[in-house]
$ cat upload.txt   # compact mmCIF, C-alpha atoms and all ligand atoms
# COMPACT_ATOMS: atom_id res chain seq x y z
CA MET A 1 -23.42 72.21 45.10
CA LEU A 2 -24.24 70.91 41.62
CA GLU A 3 -25.59 73.57 39.27
CA VAL A 4 -27.17 72.72 35.95
CA ARG A 5 -27.68 75.79 33.77
CA SER A 6 -29.61 75.81 30.51
CA LEU A 7 -28.64 72.22 29.76
CA SER A 8 -29.78 70.97 26.36
CA LYS A 9 -29.27 67.74 24.52
CA HIS A 10 -30.77 66.81 21.19
CA PHE A 11 -30.61 63.61 19.19
CA GLY A 12 -31.14 64.69 15.60
CA GLY A 13 -34.56 66.33 15.70
CA ILE A 14 -35.45 65.07 19.19
CA GLN A 15 -34.93 67.67 21.92
CA ALA A 16 -34.44 65.25 24.84
CA VAL A 17 -33.32 67.97 27.29
CA ASP A 18 -34.35 71.53 26.58
CA LYS A 19 -32.66 74.40 28.50
CA CYS A 20 -32.95 72.71 31.89
CA SER A 21 -31.74 74.54 34.96
CA PHE A 22 -31.77 73.25 38.51
CA VAL A 23 -29.45 72.77 41.47
CA ALA A 24 -28.69 69.88 43.79
CA GLU A 25 -27.76 71.59 47.03
CA ARG A 26 -24.81 70.38 49.01
CA GLY A 27 -25.75 67.94 51.77
CA LYS A 28 -29.31 67.48 50.46
CA ILE A 29 -31.18 64.76 48.59
CA THR A 30 -32.63 66.08 45.34
CA ALA A 31 -34.91 63.97 43.15
CA LEU A 32 -35.32 64.35 39.42
CA ILE A 33 -38.70 62.95 38.44
CA GLY A 34 -41.03 63.05 35.46
CA PRO A 35 -43.03 60.81 33.15
CA ASN A 36 -41.37 58.37 30.76
CA GLY A 37 -39.32 60.11 28.10
CA ALA A 38 -39.12 63.37 30.09
CA GLY A 39 -35.34 63.52 29.61
CA LYS A 40 -34.18 62.50 33.10
CA THR A 41 -31.68 59.84 32.05
CA THR A 42 -30.34 62.04 29.28
CA ALA A 43 -29.81 64.84 31.81
CA PHE A 44 -28.04 62.37 34.11
CA ASN A 45 -25.85 61.20 31.23
CA CYS A 46 -24.87 64.77 30.43
CA ILE A 47 -24.16 65.63 34.08
CA SER A 48 -21.90 62.59 34.53
CA ARG A 49 -20.48 63.35 31.08
CA THR A 50 -21.15 59.87 29.74
CA MET A 51 -22.84 61.91 27.03
CA ALA A 52 -21.76 65.30 25.68
CA PRO A 53 -24.37 68.04 26.21
CA SER A 54 -25.45 70.01 23.14
CA ALA A 55 -25.45 73.24 25.16
CA GLY A 56 -25.41 74.55 28.72
CA GLU A 57 -23.14 74.52 31.73
CA ILE A 58 -22.74 72.15 34.64
CA ARG A 59 -20.78 73.20 37.70
CA LEU A 60 -19.73 71.27 40.76
CA ASP A 61 -18.83 73.58 43.65
CA GLY A 62 -18.33 76.37 41.14
CA ARG A 63 -16.06 74.39 38.80
CA ARG A 64 -17.29 73.58 35.31
CA ILE A 65 -17.47 69.84 34.79
CA ASP A 66 -19.30 69.65 31.45
CA THR A 67 -15.99 70.10 29.64
CA LEU A 68 -14.33 67.20 31.46
CA ARG A 69 -14.04 63.54 30.51
CA PRO A 70 -16.13 61.05 32.54
CA TYR A 71 -13.17 59.86 34.64
CA GLN A 72 -12.26 63.48 35.37
CA VAL A 73 -15.84 64.10 36.54
CA THR A 74 -15.46 61.15 38.93
CA ALA A 75 -12.14 62.54 40.12
CA ALA A 76 -13.85 65.92 40.69
CA GLY A 77 -16.18 64.15 43.14
CA LEU A 78 -19.25 63.11 41.15
CA SER A 79 -20.08 59.41 40.72
CA ARG A 80 -23.14 57.71 39.33
CA THR A 81 -24.92 54.39 39.04
CA PHE A 82 -26.62 53.13 35.91
CA GLN A 83 -30.15 51.73 35.50
CA ILE A 84 -28.56 48.48 34.40
CA SER A 85 -25.75 47.09 36.55
CA ARG A 86 -22.28 47.39 35.06
CA ASN A 87 -21.17 44.06 36.48
CA LEU A 88 -17.86 43.00 34.92
CA ALA A 89 -17.77 39.37 33.84
CA ASP A 90 -15.72 36.71 35.68
CA MET A 91 -14.93 38.94 38.63
CA THR A 92 -15.91 38.70 42.26
CA VAL A 93 -17.94 41.38 44.00
CA LEU A 94 -14.79 42.65 45.73
CA GLU A 95 -12.90 42.82 42.42
CA ASN A 96 -15.84 44.55 40.73
CA VAL A 97 -16.07 47.14 43.47
CA ILE A 98 -12.36 47.92 43.40
CA CYS A 99 -11.88 47.70 39.67
CA GLN A 100 -14.87 49.84 38.68
CA SER A 101 -13.74 52.60 41.00
CA LYS A 102 -10.22 52.55 39.62
CA ILE A 103 -10.49 52.86 35.89
CA HIS A 104 -10.11 56.59 35.55
CA GLY A 105 -8.19 56.39 32.30
CA TRP A 106 -6.63 53.74 30.10
CA ARG A 107 -3.31 53.93 32.00
CA ASP A 108 -5.09 52.59 35.09
CA LEU A 109 -5.59 49.28 33.30
CA PHE A 110 -1.88 48.64 33.91
CA ARG A 111 -1.93 49.35 37.64
CA PRO A 112 -1.58 46.45 40.12
CA ALA A 113 -4.84 44.55 40.61
CA MET A 114 -5.78 45.39 44.20
CA SER A 115 -3.76 46.96 47.00
CA ALA A 116 -4.23 45.95 50.65
CA GLU A 117 -5.49 49.46 51.32
CA GLU A 118 -8.14 49.20 48.60
CA ILE A 119 -9.24 45.80 49.87
CA ASP A 120 -9.66 47.23 53.38
CA LYS A 121 -11.60 50.18 52.06
CA ALA A 122 -13.84 47.98 49.91
CA PHE A 123 -14.57 45.68 52.86
CA GLY A 124 -15.49 48.72 54.95
CA ILE A 125 -18.01 49.76 52.30
CA LEU A 126 -19.39 46.23 51.87
CA GLU A 127 -19.82 46.08 55.64
CA PHE A 128 -21.65 49.42 55.67
CA LEU A 129 -24.01 48.03 53.03
CA GLY A 130 -24.33 44.69 54.86
CA ILE A 131 -22.99 42.60 51.98
CA THR A 132 -19.58 41.35 53.16
CA ARG A 133 -20.93 37.79 52.84
CA ILE A 134 -21.00 38.11 49.05
CA ALA A 135 -17.53 39.70 48.72
CA ASN A 136 -16.09 36.62 47.04
CA GLU A 137 -19.16 35.68 44.98
CA ASP A 138 -18.81 35.82 41.25
CA GLY A 139 -20.48 39.07 40.18
CA SER A 140 -22.48 37.24 37.53
CA ASN A 141 -24.15 34.99 40.17
CA LEU A 142 -25.77 37.84 42.05
CA SER A 143 -29.45 38.56 42.35
CA TYR A 144 -30.70 41.79 40.80
CA GLY A 145 -30.87 43.42 44.23
CA GLN A 146 -27.36 42.32 45.18
CA LYS A 147 -26.07 43.84 41.94
CA LYS A 148 -27.70 47.15 42.89
CA LEU A 149 -25.87 47.07 46.22
CA MET A 150 -22.60 46.12 44.52
CA ASP A 151 -22.99 49.11 42.17
CA LEU A 152 -23.58 51.37 45.15
CA ALA A 153 -20.43 49.98 46.80
CA ALA A 154 -18.38 50.64 43.64
CA LEU A 155 -19.69 54.17 43.57
CA LEU A 156 -18.56 54.84 47.12
CA MET A 157 -15.01 53.64 46.47
CA SER A 158 -14.18 56.89 44.68
CA ASP A 159 -14.98 59.02 47.78
CA PRO A 160 -17.58 61.11 45.93
CA LYS A 161 -18.98 64.43 47.15
CA ILE A 162 -22.15 63.81 45.20
CA ILE A 163 -23.73 60.60 43.95
CA LEU A 164 -26.20 60.28 41.10
CA LEU A 165 -28.48 57.29 41.52
CA ASP A 166 -30.37 56.14 38.43
CA GLU A 167 -33.51 54.31 39.57
CA PRO A 168 -32.06 52.77 42.75
CA ALA A 169 -35.46 51.24 43.58
CA GLY A 170 -36.20 49.96 40.07
CA GLY A 171 -37.24 46.30 40.18
CA VAL A 172 -36.25 45.66 43.80
CA ASN A 173 -38.45 43.89 46.34
CA PRO A 174 -40.02 45.81 49.27
CA THR A 175 -37.48 44.55 51.84
CA LEU A 176 -34.52 45.61 49.75
CA LEU A 177 -36.25 48.87 48.95
CA GLU A 178 -36.33 49.70 52.68
CA GLU A 179 -32.67 48.70 52.95
CA ILE A 180 -31.70 50.95 50.04
CA ILE A 181 -33.68 53.87 51.46
CA GLY A 182 -31.86 53.36 54.79
CA HIS A 183 -28.44 53.36 53.07
CA ILE A 184 -29.18 56.51 51.07
CA ARG A 185 -30.45 58.29 54.17
CA LYS A 186 -27.40 57.27 56.21
CA LEU A 187 -24.98 58.33 53.45
CA ASN A 188 -26.74 61.68 53.25
CA GLU A 189 -26.58 62.11 57.03
CA GLN A 190 -22.83 61.57 56.73
CA GLY A 191 -22.71 64.59 54.41
CA LEU A 192 -23.02 63.07 50.95
CA THR A 193 -25.06 65.06 48.42
CA VAL A 194 -27.50 62.89 46.47
CA LEU A 195 -29.31 63.31 43.15
CA ILE A 196 -31.80 60.56 42.33
CA VAL A 197 -33.80 59.68 39.24
CA GLU A 198 -36.61 57.43 40.36
CA HIS A 199 -40.16 56.43 39.44
CA ASN A 200 -41.05 55.16 42.91
CA MET A 201 -43.01 58.09 44.37
CA ASP A 202 -43.04 56.60 47.85
CA LEU A 203 -39.22 56.64 47.92
CA ILE A 204 -39.08 60.15 46.45
CA MET A 205 -41.58 61.62 48.89
CA ARG A 206 -39.92 59.97 51.90
CA LEU A 207 -36.31 60.72 51.04
CA SER A 208 -36.04 63.95 49.09
CA HIS A 209 -35.50 67.41 50.43
CA ARG A 210 -36.21 68.86 47.01
CA VAL A 211 -37.91 67.55 43.89
CA VAL A 212 -37.27 68.75 40.34
CA VAL A 213 -39.91 67.68 37.84
CA MET A 214 -39.18 67.33 34.12
CA ALA A 215 -41.60 66.85 31.24
CA HIS A 216 -40.82 66.96 27.52
CA GLY A 217 -37.20 67.86 28.25
CA ARG A 218 -38.03 70.86 30.43
CA VAL A 219 -38.14 71.58 34.14
CA ILE A 220 -41.81 72.20 34.91
CA ALA A 221 -41.65 72.35 38.71
CA ASP A 222 -39.06 72.57 41.47
CA GLY A 223 -39.81 72.56 45.18
CA THR A 224 -40.33 70.51 48.32
CA PRO A 225 -42.07 67.14 47.93
CA ASP A 226 -45.31 68.67 49.27
CA GLU A 227 -45.16 71.67 46.93
CA VAL A 228 -44.53 69.48 43.92
CA ARG A 229 -47.26 67.00 44.85
CA GLU A 230 -49.82 69.80 44.81
CA ASN A 231 -48.59 71.49 41.65
CA PRO A 232 -51.28 71.25 38.92
CA ASP A 233 -48.65 71.27 36.12
CA VAL A 234 -47.08 68.16 37.62
CA LEU A 235 -50.42 66.43 37.87
CA ASP A 236 -51.14 67.33 34.26
CA ALA A 237 -47.77 66.01 33.07
CA TYR A 238 -48.30 62.66 34.81
CA LEU A 239 -51.97 62.34 33.92
CA GLY A 240 -51.24 63.30 30.32
CA GLY A 241 -48.68 60.51 30.16
CA ALA A 242 -51.03 58.02 31.77
CA LEU A 243 -53.81 58.95 29.39
CA GLU A 244 -51.52 58.68 26.36
CA GLU A 245 -50.37 55.26 27.53
CA ALA A 246 -53.95 54.12 28.12
CA ALA A 247 -55.06 55.35 24.68
N1 LIG A 301 -29.64 57.79 22.30
C1 LIG A 301 -30.80 58.33 21.93
N2 LIG A 301 -31.10 58.54 20.65
C2 LIG A 301 -32.27 59.11 20.27
N3 LIG A 301 -33.23 59.50 21.12
C3 LIG A 301 -33.00 59.31 22.44
C4 LIG A 301 -31.78 58.72 22.90
N4 LIG A 301 -31.83 58.66 24.28
C5 LIG A 301 -33.02 59.19 24.62
N5 LIG A 301 -33.72 59.57 23.53
C6 LIG A 301 -35.04 60.22 23.51
O1 LIG A 301 -34.94 61.35 24.35
C7 LIG A 301 -36.13 61.52 25.10
C8 LIG A 301 -35.80 61.51 26.59
O2 LIG A 301 -35.39 60.19 26.97
P1 LIG A 301 -34.83 59.83 28.41
O3 LIG A 301 -34.47 58.38 28.40
O4 LIG A 301 -33.80 60.79 28.81
O5 LIG A 301 -36.13 60.05 29.31
P2 LIG A 301 -36.40 59.56 30.80
O6 LIG A 301 -37.10 60.68 31.47
O7 LIG A 301 -35.16 59.07 31.43
O8 LIG A 301 -37.41 58.37 30.55
P3 LIG A 301 -37.63 57.01 31.43
O9 LIG A 301 -38.25 57.45 32.70
O10 LIG A 301 -38.59 56.25 30.55
O11 LIG A 301 -36.30 56.35 31.59
C9 LIG A 301 -37.07 60.40 24.67
O12 LIG A 301 -37.90 60.91 23.66
C10 LIG A 301 -36.13 59.36 24.12
O13 LIG A 301 -36.77 58.56 23.16
$ encode --input "upload.txt" --output "structure tokens" --more "lines below"
Ligand SMILES: Nc1ncnc2c1ncn2[C@@H]1O[C@H](COP(=O)(O)OP(=O)(O)OP(=O)(O)O)[C@@H](O)[C@H]1O
Amino acid sequence: MLEVRSLSKHFGGIQAVDKCSFVAERGKITALIGPNGAGKTTAFNCISRTMAPSAGEIRLDGRRIDTLRPYQVTAAGLSRTFQISRNLADMTVLENVICQSKIHGWRDLFRPAMSAEEIDKAFGILEFLGITRIANEDGSNLSYGQKKLMDLAALLMSDPKIILLDEPAGGVNPTLLEEIIGHIRKLNEQGLTVLIVEHNMDLIMRLSHRVVVMAHGRVIADGTPDEVRENPDVLDAYLGGALEEAA
């Protein structure tokens, strides 16, 4: 289980995340939603330790991870994707998948390129995601959707217990969206815990067991998709945002 307790992050005078507490239960799909600027990505960055929290505690299966370095968080079993693909230049999909999973510290840069075992494992993951045909494509030639799948493959290489997906449906076409939903569901059925930040409400409502709603850096609701959908505070937060944008 991932436990976030009183997490805060400020940038100068901006309180991006303000004493947020929530859990992502083991074996479940939890969604973190909220209007633009609610603090979701900042919370994600703090949880994966790509950003240092200003205050609070984050525990994975009881062990504090907010004091670890990002590669140590990955080693502890938590991996994440980014809104923008981290495709490494001049490398094939296979190389990207293996290499991105491997760099856990600067010493790893000196390890042999790819072992037979890693290649086998990577091919297994590419097959699961239905993208073995692009294994030898240059990563920079991929479509946006293919990059999303490549990122997901890289994430799975580290045998995570929990994956954090940052807008997995962002900018993908409806066919790929269904494919991605299928992959997330299957991974979860295999026991993987999932935490998703996503704007696509259809995906959230169909996939999530639990939904945590943030607004202005705070958690304003936490419950099942149905509970959250009917929560007046949630409606207010979204409508407020829509009205501000329209103004
Ligand atoms: N590096 C930064 N420096 C200063 N302010 C930041 C920084 N990153 C985020 N913020 C601010 O923190 C607040 C929360 O931003 P964040 O990106 O976490 O929200 P979000 O919920 O992920 O939004 P979106 O859905 O639009 O991605 C916003 O006011 C944003 O402008």
$ residues_near_point --input "upload.txt" --point "(-41.7, 56.9, 44.0)" --cutoff "12 Å" --atoms "all atoms listed in the file" --output "PyMOL selection string"
chain A and resi 31-35+167-170+177+181+196-208+211+225+229
$ residues_around --input "upload.txt" --residues "A:Arg185" --least-positions-apart "5" --cutoff "12 Å" --atoms "only C-alpha atoms" --output "PyMOL selection string"
chain A and resi 27-30+178-180+190-194+203-204+206-209
$ closest_atom_pairs --input "upload.txt" --of "chain A" --to "ligand LIG 301 (chain A)" --cutoff "6 Å" --atoms "only C-alpha atoms and all ligand atoms" --output "CSV"
residue,atom,partner,partner_atom,distance
A:Phe11,CA,A:LIG301,C2,4.9
A:Ala16,CA,A:LIG301,O1,4.0
A:Pro35,CA,A:LIG301,O9,5.9
A:Asn36,CA,A:LIG301,O10,3.5
A:Gly37,CA,A:LIG301,O5,3.4
A:Ala38,CA,A:LIG301,O6,3.6
A:Gly39,CA,A:LIG301,O4,3.2
A:Lys40,CA,A:LIG301,O6,3.8
A:Thr41,CA,A:LIG301,O7,3.6
A:Thr42,CA,A:LIG301,O4,3.7
$ closest_residue --input "upload.txt" --among "A:His10, A:His183, A:Lys19, A:Arg5" --to "A:Ile125" --atoms "only C-alpha atoms"
A:His183
$ atom_distance --input "upload.txt" --atom1 "atom CA of A:Met157" --atom2 "atom CA of A:Asn173"
25.4 Å
$ residues_around --input "upload.txt" --residues "stretch 89-94 of chain A" --least-positions-apart "3" --cutoff "12 Å" --atoms "all atoms listed in the file" --output "ChimeraX atom specification"
/A:85-86,97-101,113-115,118-127,131-143,146-154,157
$ atom_distance --input "upload.txt" --atom1 "atom CA of A:Glu227" --atom2 "atom CA of A:Val212"
10.7 Å
$ closest_residue --input "upload.txt" --among "A:Leu195, A:Lys161, A:Val17, A:Arg210" --to "A:Gly223" --atoms "all atoms listed in the file"
A:Arg210
$ residues_around --input "upload.txt" --residues "A:Pro53" --least-positions-apart "3" --cutoff "7 Å" --atoms "only C-alpha atoms" --output "PDB file with C-alpha atoms, in the coordinates of the input"
ATOM      1  CA  LEU A   7     -28.640  72.220  29.760  1.00  0.00           C
ATOM      2  CA  SER A   8     -29.780  70.970  26.360  1.00  0.00           C
ATOM      3  CA  LYS A   9     -29.270  67.740  24.520  1.00  0.00           C
ATOM      4  CA  CYS A  46     -24.870  64.770  30.430  1.00  0.00           C
TER       5      CYS A  46
END
$ atom_distance --input "upload.txt" --atom1 "atom CA of A:Ala116" --atom2 "atom CA of A:Leu155"
18.9 Å
$ closest_residue --input "upload.txt" --among "A:Asn188, A:Thr67, A:Thr175, A:Gln15" --to "A:Ala52" --atoms "all atoms listed in the file"
A:Thr67
$ closest_residue --input "upload.txt" --among "A:Gly145, A:Gly130, A:Gly56, A:Gly12" --to "A:Ala43" --atoms "only C-alpha atoms"
A:Gly56
$ closest_residue --input "upload.txt" --among "A:Asn45, A:Tyr71, A:Leu60, A:Phe128" --to "A:Lys186" --atoms "all atoms listed in the file"
A:Phe128
